[in-house]
$ cat coords.tsv   # TSV, C-alpha atoms
chain	number	residue	atom	x	y	z
I	1050	SER	CA	1.20	-1.67	26.08
I	1051	PRO	CA	0.51	1.78	24.58
I	1052	GLU	CA	4.22	2.10	23.78
I	1053	PHE	CA	4.19	-1.18	21.87
I	1054	GLN	CA	1.03	-0.14	20.02
I	1055	ASP	CA	2.66	3.17	19.01
I	1056	TRP	CA	5.79	1.36	17.84
I	1057	ILE	CA	3.88	-1.22	15.78
I	1058	THR	CA	1.70	1.53	14.29
I	1059	ALA	CA	4.75	3.50	13.18
I	1060	LEU	CA	6.44	0.36	11.85
I	1061	VAL	CA	3.44	-0.74	9.79
I	1062	ARG	CA	2.68	2.76	8.53
I	1063	GLU	CA	6.10	2.84	6.88
I	1064	GLN	CA	5.18	-0.24	4.84
I	1065	LEU	CA	1.63	0.67	3.78
I	1066	PRO	CA	0.94	2.33	0.40
I	1067	ASP	CA	0.31	5.78	1.84
I	1068	ASN	CA	-0.63	8.25	-0.94
I	1069	TYR	CA	0.22	5.72	-3.64
I	1070	GLU	CA	-0.82	6.63	-7.19
I	1071	LYS	CA	-0.69	4.60	-10.37
I	1072	ARG	CA	-1.56	5.67	-13.90
I	1073	LYS	CA	-1.99	3.34	-16.85
I	1074	ASN	CA	-2.05	4.85	-20.33
I	1075	TRP	CA	-3.13	8.14	-18.73
I	1076	GLY	CA	-2.56	11.05	-21.13
I	1077	HIS	CA	-2.02	8.80	-24.18
I	1078	THR	CA	-2.51	10.52	-27.53
I	1079	ALA	CA	-2.59	9.38	-31.15
I	1080	ARG	CA	-2.01	11.06	-34.50
I	1081	THR	CA	-5.45	12.09	-35.76
I	1082	PHE	CA	-6.74	13.57	-39.02
I	1083	ASP	CA	-7.46	17.29	-38.56
I	1084	GLY	CA	-8.87	18.45	-41.88
I	1085	VAL	CA	-7.34	19.70	-45.12
I	1086	ALA	CA	-5.28	22.82	-45.71
I	1087	VAL	CA	-6.07	24.61	-49.03
I	1088	TRP	CA	-4.03	27.35	-50.70
I	1089	ILE	CA	-3.17	28.81	-54.12
I	1090	GLU	CA	0.40	28.54	-55.32
I	1091	ASP	CA	1.55	29.71	-58.79
I	1092	GLY	CA	-2.04	29.76	-59.94
I	1093	HIS	CA	-2.66	26.19	-58.82
I	1094	LEU	CA	-4.93	24.94	-56.07
I	1095	GLU	CA	-2.88	23.02	-53.53
I	1096	THR	CA	-4.18	20.85	-50.72
I	1097	LYS	CA	-2.57	19.02	-47.83
I	1098	ARG	CA	-4.03	16.80	-45.14
I	1099	LYS	CA	-3.49	18.04	-41.59
I	1100	PHE	CA	-2.92	15.92	-38.49
I	1101	LYS	CA	-2.78	16.57	-34.76
I	1102	GLN	CA	-2.13	14.66	-31.54
I	1103	ALA	CA	-5.42	13.93	-29.81
I	1104	ASN	CA	-6.44	12.04	-26.67
I	1105	ASP	CA	-6.90	8.37	-27.49
I	1106	GLY	CA	-7.32	4.99	-25.84
I	1107	GLN	CA	-8.35	3.76	-22.41
I	1108	TRP	CA	-7.01	5.89	-19.57
I	1109	GLN	CA	-6.83	4.51	-16.00
I	1110	GLN	CA	-5.82	6.17	-12.75
I	1111	TYR	CA	-5.76	4.81	-9.17
I	1112	ARG	CA	-4.99	6.40	-5.81
I	1113	VAL	CA	-4.61	4.77	-2.39
I	1114	LYS	CA	-4.16	6.48	0.97
I	1115	LEU	CA	-4.60	5.69	4.65
I	1116	SER	CA	-8.06	6.60	5.90
I	1117	ASP	CA	-6.66	8.15	9.07
I	1118	PRO	CA	-2.87	8.52	9.28
I	1119	ALA	CA	-3.13	9.18	13.03
I	1120	GLU	CA	-5.09	5.97	13.63
I	1121	LYS	CA	-3.67	3.33	15.94
I	1122	PHE	CA	-4.06	0.14	13.99
I	1123	ASP	CA	-5.77	-2.99	15.30
I	1124	VAL	CA	-2.90	-5.17	16.51
I	1125	LYS	CA	-3.27	-8.82	17.53
I	1126	ILE	CA	-0.53	-11.12	18.78
I	1127	THR	CA	-1.29	-14.85	18.62
I	1128	ASN	CA	0.35	-18.30	18.65
I	1129	ILE	CA	3.02	-17.38	21.19
I	1130	ARG	CA	5.40	-20.32	21.61
I	1131	GLN	CA	8.67	-20.80	23.44
I	1132	LEU	CA	11.39	-22.10	21.10
I	1133	ALA	CA	14.33	-21.93	23.50
I	1134	SER	CA	15.09	-20.60	26.97
I	1135	ASN	CA	15.20	-17.04	25.65
I	1136	VAL	CA	13.46	-17.24	22.26
I	1137	VAL	CA	9.76	-16.79	21.59
I	1138	SER	CA	7.93	-17.16	18.29
I	1139	LEU	CA	4.68	-15.32	17.68
I	1140	GLU	CA	2.40	-14.05	14.94
I	1141	VAL	CA	1.46	-10.39	14.59
I	1142	THR	CA	-1.62	-9.32	12.64
I	1143	VAL	CA	-2.29	-5.65	11.94
I	1144	LEU	CA	-5.41	-4.24	10.28
I	1145	ALA	CA	-5.56	-0.76	8.75
I	1146	SER	CA	-8.15	1.15	6.70
I	1147	LEU	CA	-7.48	2.50	3.22
I	1148	GLN	CA	-9.36	4.89	0.94
I	1149	VAL	CA	-9.19	3.93	-2.73
I	1150	PHE	CA	-10.07	6.01	-5.80
I	1151	GLY	CA	-10.20	4.80	-9.39
I	1152	ARG	CA	-11.01	6.56	-12.65
I	1153	GLU	CA	-11.33	5.21	-16.17
I	1154	SER	CA	-11.86	7.23	-19.34
I	1155	LEU	CA	-12.18	6.09	-22.95
I	1156	TRP	CA	-11.09	8.39	-25.76
I	1157	GLU	CA	-11.28	7.87	-29.50
I	1158	HIS	CA	-9.31	10.35	-31.62
I	1159	GLY	CA	-10.04	13.28	-29.33
I	1160	VAL	CA	-13.63	12.36	-28.49
I	1161	GLN	CA	-14.34	11.19	-24.95
I	1162	LEU	CA	-16.75	8.25	-25.07
I	1163	TYR	CA	-17.10	7.95	-21.31
I	1164	SER	CA	-15.46	8.81	-18.00
I	1165	VAL	CA	-16.37	6.99	-14.77
I	1166	SER	CA	-14.92	7.09	-11.26
I	1167	ALA	CA	-15.22	4.90	-8.18
I	1168	GLU	CA	-14.46	5.36	-4.48
I	1169	ALA	CA	-13.89	2.39	-2.20
I	1170	ASP	CA	-13.06	1.54	1.40
I	1171	ALA	CA	-10.60	-1.28	1.98
I	1172	ARG	CA	-9.10	-3.06	4.94
I	1173	VAL	CA	-5.53	-4.19	4.49
I	1174	ARG	CA	-4.04	-6.87	6.71
I	1175	LEU	CA	-0.36	-7.26	7.46
I	1176	TRP	CA	0.54	-10.67	8.90
I	1177	ALA	CA	4.03	-11.44	10.15
I	1178	ALA	CA	5.73	-14.40	11.82
I	1179	VAL	CA	8.32	-13.17	14.31
I	1180	GLU	CA	11.00	-14.75	16.48
I	1181	VAL	CA	12.01	-12.65	19.49
I	1182	THR	CA	15.27	-13.28	21.30
I	1183	THR	CA	15.70	-11.71	24.75
I	1184	HIS	CA	18.76	-10.97	26.82
I	1185	VAL	CA	19.53	-8.95	29.93
I	1186	ASP	CA	21.72	-5.91	29.48
I	1187	ILE	CA	23.86	-5.91	32.64
I	1188	THR	CA	25.79	-2.82	31.51
I	1189	ARG	CA	22.85	-0.76	32.75
I	1190	PHE	CA	21.49	-0.39	36.25
I	1191	PRO	CA	18.85	-1.37	36.83
I	1192	PRO	CA	19.24	-3.89	33.99
I	1193	ASP	CA	16.99	-3.80	30.95
I	1194	VAL	CA	15.65	-6.69	28.95
I	1195	ALA	CA	16.62	-6.13	25.32
I	1196	LEU	CA	14.35	-7.62	22.66
I	1197	ALA	CA	15.72	-8.69	19.28
I	1198	PRO	CA	12.79	-9.44	16.93
I	1199	GLN	CA	13.44	-11.12	13.58
I	1200	VAL	CA	10.64	-11.32	11.00
I	1201	THR	CA	10.75	-14.71	9.27
I	1202	ALA	CA	7.67	-14.36	7.05
I	1203	ALA	CA	5.21	-11.58	6.19
I	1204	LYS	CA	2.50	-10.75	3.68
I	1205	PHE	CA	-0.22	-8.25	2.87
I	1206	ALA	CA	-3.82	-9.20	2.07
I	1207	ILE	CA	-7.16	-7.42	1.53
I	1208	PRO	CA	-9.85	-9.05	3.70
I	1209	ASP	CA	-12.46	-6.41	2.89
I	1210	PHE	CA	-13.03	-4.19	-0.16
I	1211	ARG	CA	-16.27	-2.24	-0.61
I	1212	ILE	CA	-17.20	0.19	-3.37
I	1213	ARG	CA	-18.70	3.23	-1.66
I	1214	ARG	CA	-19.62	5.42	-4.63
I	1215	ILE	CA	-19.72	5.14	-8.40
I	1216	GLY	CA	-20.01	8.29	-10.47
I	1217	GLY	CA	-21.06	8.67	-14.06
I	1218	PHE	CA	-22.18	5.28	-15.35
I	1219	GLN	CA	-23.94	1.99	-14.68
I	1220	GLY	CA	-23.64	-1.52	-16.10
I	1221	PRO	CA	-20.57	-3.35	-17.46
I	1222	VAL	CA	-18.31	-0.31	-17.34
I	1223	VAL	CA	-18.92	0.09	-13.61
I	1224	ARG	CA	-18.34	-3.62	-12.91
I	1225	SER	CA	-15.11	-3.50	-14.88
I	1226	LEU	CA	-13.87	-0.45	-12.99
I	1227	SER	CA	-14.75	-2.05	-9.63
I	1228	HIS	CA	-12.64	-5.12	-10.49
I	1229	THR	CA	-9.69	-3.19	-11.89
I	1230	THR	CA	-9.63	-0.81	-8.90
I	1231	ARG	CA	-9.27	-3.73	-6.50
I	1232	GLU	CA	-6.75	-5.40	-8.79
I	1233	ALA	CA	-4.62	-2.24	-8.78
I	1234	VAL	CA	-4.43	-2.31	-4.98
I	1235	GLU	CA	-3.71	-6.06	-4.95
I	1236	ALA	CA	-0.95	-5.62	-7.52
I	1237	LYS	CA	0.70	-2.95	-5.37
I	1238	LEU	CA	0.54	-5.16	-2.27
I	1239	ALA	CA	1.82	-8.18	-4.20
I	1240	GLU	CA	4.78	-6.09	-5.33
I	1241	ASP	CA	5.46	-5.08	-1.73
I	1242	ASN	CA	5.13	-8.68	-0.47
I	1243	ALA	CA	8.29	-9.67	-2.33
I	1244	LYS	CA	10.43	-7.36	-0.20
I	1245	LEU	CA	8.30	-7.04	2.94
I	1246	VAL	CA	10.36	-9.29	5.25
I	1247	ALA	CA	13.61	-7.44	4.49
I	1248	LYS	CA	11.96	-4.01	4.88
I	1249	LEU	CA	10.41	-4.92	8.23
I	1250	ASN	CA	13.70	-6.22	9.59
I	1251	ARG	CA	15.52	-3.07	8.47
I	1252	ALA	CA	12.87	-0.95	10.20
I	1253	ILE	CA	13.22	-3.02	13.38
I	1254	ASP	CA	17.00	-2.61	13.34
I	1255	LYS	CA	16.61	1.17	13.16
I	1256	ASN	CA	14.46	1.11	16.31
I	1257	GLU	CA	16.66	-1.23	18.32
I	1258	LYS	CA	17.00	1.22	21.22
I	1259	LYS	CA	13.23	1.31	21.72
I	1260	LEU	CA	12.97	-2.46	22.17
I	1261	ARG	CA	13.81	-2.56	25.85
I	1262	ILE	CA	11.68	-3.50	28.85
I	1263	SER	CA	12.32	-3.07	32.55
I	1264	LEU	CA	13.65	-6.26	34.14
I	1265	ALA	CA	11.36	-5.64	37.11
I	1266	ASP	CA	8.32	-5.65	34.81
I	1267	ILE	CA	9.44	-8.89	33.17
I	1268	ALA	CA	10.20	-10.56	36.53
I	1269	ALA	CA	6.66	-9.80	37.70
I	1270	SER	CA	5.07	-11.26	34.55
I	1271	LYS	CA	4.45	-14.78	33.33
I	1272	TRP	CA	7.26	-14.33	30.77
I	1273	ARG	CA	10.04	-14.22	33.36
I	1274	GLY	CA	11.25	-17.68	32.33
I	1275	LEU	CA	12.08	-16.44	28.82
I	1276	VAL	CA	14.82	-14.09	29.98
I	1277	GLU	CA	18.48	-15.11	30.24
I	1278	GLN	CA	19.73	-14.82	33.78
I	1279	PRO	CA	22.93	-12.77	34.13

$ encode --input "coords.tsv" --output "structure tokens"
Amino acid sequence: SPEFQDWITALVREQLPDNYEKRKNWGHTARTFDGVAVWIEDGHLETKRKFKQANDGQWQQYRVKLSDPAEKFDVKITNIRQLASNVVSLEVTVLASLQVFGRESLWEHGVQLYSVSAEADARVRLWAAVEVTTHVDITRFPPDVALAPQVTAAKFAIPDFRIRRIGGFQGPVVRSLSHTTREAVEAKLAEDNAKLVAKLNRAIDKNEKKLRISLADIAASKWRGLVEQP
């Protein structure tokens, strides 16, 4: 239903790396020779080497954001199975579009050897295994069917990643940046995977009041056998 689509969209959006930014070695400097100071003191010529902090090393920067924050994501529900009289297991797959930006610069003692940027489009997939328990709330009239989803497994993946534009260079540097840009996104999603199940369940708990369906709608559907009878 549209309501379910809106709810899933809001739930998934909370977990996606919206406006995520990562910098690696960005702004690094090193102590660099900066000439010789010369002066006369007590009739003697004095000299002293001068040093300064200058940009140095390989700088990397990555940004990730949703392509369209108002987009309703592609939601698919598959492998629906009845586990008990009022428990259903199912799999939810959600696809969303991301815009990715990466930049890499190489400095050597204040001299920039190169600076190259890349823009990419990515599709991120959230898969979740869910068990939904139903019960009839007879404290209300007419009664509602309350849904209690519990996420048992979940993970992010990138099924599609395409470099859209490369600026500044060609050759090995570009290939390296393309790989590291994707790796930066994958590293972020891998980090999120470790806590994804717990975060989804917390988000579901906060929206408990929204997970109700009219008993009349359920009774008229093929899922009527999954509801506890009062």

$ closest_residue --input "coords.tsv" --among "I:Glu1090, I:Asp1170, I:Glu1120, I:Glu1063" --to "Thr1230 (chain I)" --atoms "only C-alpha atoms"
I:Asp1170

$ residues_around --input "coords.tsv" --residues "Gly1076 (chain I)" --least-positions-apart "6" --cutoff "12 Å" --atoms "only C-alpha atoms" --output "tab-separated table (two decimals) with C-alpha atoms, keeping the file's coordinate frame"
chain	number	residue	atom	x	y	z
I	1102	GLN	CA	-2.13	14.66	-31.54
I	1103	ALA	CA	-5.42	13.93	-29.81
I	1104	ASN	CA	-6.44	12.04	-26.67
I	1105	ASP	CA	-6.90	8.37	-27.49
I	1106	GLY	CA	-7.32	4.99	-25.84
I	1107	GLN	CA	-8.35	3.76	-22.41
I	1108	TRP	CA	-7.01	5.89	-19.57
I	1109	GLN	CA	-6.83	4.51	-16.00
I	1110	GLN	CA	-5.82	6.17	-12.75
I	1153	GLU	CA	-11.33	5.21	-16.17
I	1154	SER	CA	-11.86	7.23	-19.34
I	1155	LEU	CA	-12.18	6.09	-22.95
I	1156	TRP	CA	-11.09	8.39	-25.76
I	1159	GLY	CA	-10.04	13.28	-29.33

$ atom_distance --input "coords.tsv" --atom1 "CA of Pro1192 (chain I)" --atom2 "CA of Arg1130 (chain I)"
24.8 Å

$ closest_residue --input "coords.tsv" --among "I:Ala1145, I:Ile1129, I:Leu1162, I:Leu1196" --to "Gln1064 (chain I)" --atoms "only C-alpha atoms"
I:Ala1145

$ closest_residue --input "coords.tsv" --among "I:Thr1229, I:Tyr1163, I:Glu1168, I:Ala1252" --to "Val1200 (chain I)" --atoms "all atoms listed in the file"
I:Ala1252

$ atom_distance --input "coords.tsv" --atom1 "CA of Ala1133 (chain I)" --atom2 "CA of Ser1263 (chain I)"
21.0 Å

$ atom_distance --input "coords.tsv" --atom1 "CA of Leu1060 (chain I)" --atom2 "CA of Ile1253 (chain I)"
7.7 Å

$ closest_residue --input "coords.tsv" --among "I:Ala1059, I:Phe1122, I:Glu1157, I:Leu1144" --to "Phe1082 (chain I)" --atoms "only C-alpha atoms"
I:Glu1157

$ closest_residue --input "coords.tsv" --among "I:Ala1086, I:Ala1167, I:Ala1243, I:Val1185" --to "Leu1226 (chain I)" --atoms "all atoms listed in the file"
I:Ala1167

$ residues_near_point --input "coords.tsv" --point "(0.7, -12.6, 15.3)" --cutoff "10 Å" --atoms "all atoms listed in the file" --output "list in words"
Val1124, Lys1125, Ile1126, Thr1127, Asn1128, Ile1129, Ser1138, Leu1139, Glu1140, Val1141, Thr1142, Val1143, Leu1175, Trp1176, Ala1177, Ala1178 and Val1179 of chain I

$ write_last_selection --input "coords.tsv" --atoms "C-alpha atoms" --output "mmCIF file, in the coordinates of the input"
data_model
loop_
_atom_site.group_PDB
_atom_site.id
_atom_site.type_symbol
_atom_site.label_atom_id
_atom_site.label_comp_id
_atom_site.auth_asym_id
_atom_site.auth_seq_id
_atom_site.Cartn_x
_atom_site.Cartn_y
_atom_site.Cartn_z
ATOM 1 C CA VAL I 1124 -2.900 -5.170 16.510
ATOM 2 C CA LYS I 1125 -3.270 -8.820 17.530
ATOM 3 C CA ILE I 1126 -0.530 -11.120 18.780
ATOM 4 C CA THR I 1127 -1.290 -14.850 18.620
ATOM 5 C CA ASN I 1128 0.350 -18.300 18.650
ATOM 6 C CA ILE I 1129 3.020 -17.380 21.190
ATOM 7 C CA SER I 1138 7.930 -17.160 18.290
ATOM 8 C CA LEU I 1139 4.680 -15.320 17.680
ATOM 9 C CA GLU I 1140 2.400 -14.050 14.940
ATOM 10 C CA VAL I 1141 1.460 -10.390 14.590
ATOM 11 C CA THR I 1142 -1.620 -9.320 12.640
ATOM 12 C CA VAL I 1143 -2.290 -5.650 11.940
ATOM 13 C CA LEU I 1175 -0.360 -7.260 7.460
ATOM 14 C CA TRP I 1176 0.540 -10.670 8.900
ATOM 15 C CA ALA I 1177 4.030 -11.440 10.150
ATOM 16 C CA ALA I 1178 5.730 -14.400 11.820
ATOM 17 C CA VAL I 1179 8.320 -13.170 14.310
#

$ closest_residue --input "coords.tsv" --among "I:Ala1239, I:Val1165, I:Val1173, I:Ala1247" --to "Arg1214 (chain I)" --atoms "only C-alpha atoms"
I:Val1165

$ residues_around --input "coords.tsv" --residues "Gly1084 (chain I)" --least-positions-apart "3" --cutoff "10 Å" --atoms "only C-alpha atoms" --output "PyMOL selection string"
chain I and resi 1081+1087+1097-1101

$ decode --input "coords.tsv" --residues "region 1234-1245 of chain I" --atoms "all heavy atoms" --output "PDB file, in the first residue's frame"
ATOM      1  N   VAL I1234      32.804   3.683  -0.358  1.00  0.00           N
ATOM      2  CA  VAL I1234      31.382   3.454  -0.127  1.00  0.00           C
ATOM      3  C   VAL I1234      31.164   2.072   0.493  1.00  0.00           C
ATOM      4  O   VAL I1234      30.384   1.907   1.436  1.00  0.00           O
ATOM      5  CB  VAL I1234      30.588   3.592  -1.436  1.00  0.00           C
ATOM      6  CG1 VAL I1234      29.095   3.365  -1.180  1.00  0.00           C
ATOM      7  CG2 VAL I1234      30.803   4.957  -2.055  1.00  0.00           C
ATOM      8  N   GLU I1235      31.856   1.058  -0.036  1.00  0.00           N
ATOM      9  CA  GLU I1235      31.714  -0.293   0.494  1.00  0.00           C
ATOM     10  C   GLU I1235      32.162  -0.374   1.945  1.00  0.00           C
ATOM     11  O   GLU I1235      31.561  -1.092   2.752  1.00  0.00           O
ATOM     12  CB  GLU I1235      32.512  -1.276  -0.366  1.00  0.00           C
ATOM     13  CG  GLU I1235      31.906  -1.489  -1.755  1.00  0.00           C
ATOM     14  CD  GLU I1235      32.762  -2.382  -2.628  1.00  0.00           C
ATOM     15  OE1 GLU I1235      33.987  -2.454  -2.367  1.00  0.00           O
ATOM     16  OE2 GLU I1235      32.208  -3.015  -3.558  1.00  0.00           O
ATOM     17  N   ALA I1236      33.217   0.348   2.288  1.00  0.00           N
ATOM     18  CA  ALA I1236      33.700   0.341   3.673  1.00  0.00           C
ATOM     19  C   ALA I1236      32.667   0.952   4.606  1.00  0.00           C
ATOM     20  O   ALA I1236      32.457   0.456   5.725  1.00  0.00           O
ATOM     21  CB  ALA I1236      35.025   1.095   3.769  1.00  0.00           C
ATOM     22  N   LYS I1237      32.013   2.024   4.160  1.00  0.00           N
ATOM     23  CA  LYS I1237      30.973   2.648   4.973  1.00  0.00           C
ATOM     24  C   LYS I1237      29.812   1.685   5.190  1.00  0.00           C
ATOM     25  O   LYS I1237      29.305   1.530   6.316  1.00  0.00           O
ATOM     26  CB  LYS I1237      30.494   3.930   4.302  1.00  0.00           C
ATOM     27  CG  LYS I1237      29.230   4.539   4.893  1.00  0.00           C
ATOM     28  CD  LYS I1237      29.389   4.909   6.356  1.00  0.00           C
ATOM     29  CE  LYS I1237      28.116   5.561   6.885  1.00  0.00           C
ATOM     30  NZ  LYS I1237      28.178   5.771   8.357  1.00  0.00           N
ATOM     31  N   LEU I1238      29.367   1.010   4.116  1.00  0.00           N
ATOM     32  CA  LEU I1238      28.251   0.083   4.235  1.00  0.00           C
ATOM     33  C   LEU I1238      28.619  -1.129   5.083  1.00  0.00           C
ATOM     34  O   LEU I1238      27.797  -1.644   5.849  1.00  0.00           O
ATOM     35  CB  LEU I1238      27.781  -0.359   2.846  1.00  0.00           C
ATOM     36  CG  LEU I1238      27.216   0.751   1.951  1.00  0.00           C
ATOM     37  CD1 LEU I1238      26.759   0.174   0.624  1.00  0.00           C
ATOM     38  CD2 LEU I1238      26.066   1.471   2.640  1.00  0.00           C
ATOM     39  N   ALA I1239      29.863  -1.603   4.951  1.00  0.00           N
ATOM     40  CA  ALA I1239      30.317  -2.732   5.766  1.00  0.00           C
ATOM     41  C   ALA I1239      30.301  -2.357   7.245  1.00  0.00           C
ATOM     42  O   ALA I1239      29.948  -3.168   8.116  1.00  0.00           O
ATOM     43  CB  ALA I1239      31.711  -3.171   5.341  1.00  0.00           C
ATOM     44  N   GLU I1240      30.683  -1.129   7.535  1.00  0.00           N
ATOM     45  CA  GLU I1240      30.646  -0.646   8.919  1.00  0.00           C
ATOM     46  C   GLU I1240      29.211  -0.613   9.433  1.00  0.00           C
ATOM     47  O   GLU I1240      28.936  -0.986  10.582  1.00  0.00           O
ATOM     48  CB  GLU I1240      31.261   0.756   8.966  1.00  0.00           C
ATOM     49  CG  GLU I1240      31.208   1.432  10.320  1.00  0.00           C
ATOM     50  CD  GLU I1240      31.708   2.865  10.240  1.00  0.00           C
ATOM     51  OE1 GLU I1240      32.618   3.138   9.429  1.00  0.00           O
ATOM     52  OE2 GLU I1240      31.178   3.706  10.978  1.00  0.00           O
ATOM     53  N   ASP I1241      28.277  -0.177   8.581  1.00  0.00           N
ATOM     54  CA  ASP I1241      26.876  -0.113   8.978  1.00  0.00           C
ATOM     55  C   ASP I1241      26.258  -1.502   9.117  1.00  0.00           C
ATOM     56  O   ASP I1241      25.341  -1.703   9.922  1.00  0.00           O
ATOM     57  CB  ASP I1241      26.071   0.707   7.967  1.00  0.00           C
ATOM     58  CG  ASP I1241      26.423   2.186   8.023  1.00  0.00           C
ATOM     59  OD1 ASP I1241      27.053   2.606   9.010  1.00  0.00           O
ATOM     60  OD2 ASP I1241      26.085   2.911   7.078  1.00  0.00           O
ATOM     61  N   ASN I1242      26.727  -2.480   8.309  1.00  0.00           N
ATOM     62  CA  ASN I1242      26.167  -3.828   8.363  1.00  0.00           C
ATOM     63  C   ASN I1242      26.262  -4.428   9.757  1.00  0.00           C
ATOM     64  O   ASN I1242      25.379  -5.172  10.186  1.00  0.00           O
ATOM     65  CB  ASN I1242      26.884  -4.742   7.362  1.00  0.00           C
ATOM     66  CG  ASN I1242      26.323  -4.616   5.947  1.00  0.00           C
ATOM     67  OD1 ASN I1242      25.189  -4.184   5.759  1.00  0.00           O
ATOM     68  ND2 ASN I1242      27.115  -4.991   4.967  1.00  0.00           N
ATOM     69  N   ALA I1243      27.337  -4.109  10.466  1.00  0.00           N
ATOM     70  CA  ALA I1243      27.577  -4.708  11.779  1.00  0.00           C
ATOM     71  C   ALA I1243      26.492  -4.356  12.787  1.00  0.00           C
ATOM     72  O   ALA I1243      26.236  -5.116  13.721  1.00  0.00           O
ATOM     73  CB  ALA I1243      28.945  -4.292  12.298  1.00  0.00           C
ATOM     74  N   LYS I1244      25.839  -3.215  12.605  1.00  0.00           N
ATOM     75  CA  LYS I1244      24.824  -2.775  13.565  1.00  0.00           C
ATOM     76  C   LYS I1244      23.463  -2.550  12.917  1.00  0.00           C
ATOM     77  O   LYS I1244      22.564  -1.973  13.532  1.00  0.00           O
ATOM     78  CB  LYS I1244      25.290  -1.481  14.247  1.00  0.00           C
ATOM     79  CG  LYS I1244      25.833  -0.437  13.293  1.00  0.00           C
ATOM     80  CD  LYS I1244      26.613   0.641  14.025  1.00  0.00           C
ATOM     81  CE  LYS I1244      27.270   1.598  13.017  1.00  0.00           C
ATOM     82  NZ  LYS I1244      28.126   2.599  13.646  1.00  0.00           N
ATOM     83  N   LEU I1245      23.297  -3.048  11.678  1.00  0.00           N
ATOM     84  CA  LEU I1245      22.085  -2.756  10.922  1.00  0.00           C
ATOM     85  C   LEU I1245      20.849  -3.399  11.532  1.00  0.00           C
ATOM     86  O   LEU I1245      19.788  -2.763  11.629  1.00  0.00           O
ATOM     87  CB  LEU I1245      22.266  -3.202   9.471  1.00  0.00           C
ATOM     88  CG  LEU I1245      21.132  -2.873   8.509  1.00  0.00           C
ATOM     89  CD1 LEU I1245      20.842  -1.383   8.492  1.00  0.00           C
ATOM     90  CD2 LEU I1245      21.481  -3.351   7.094  1.00  0.00           C
TER      91      LEU I1245
END
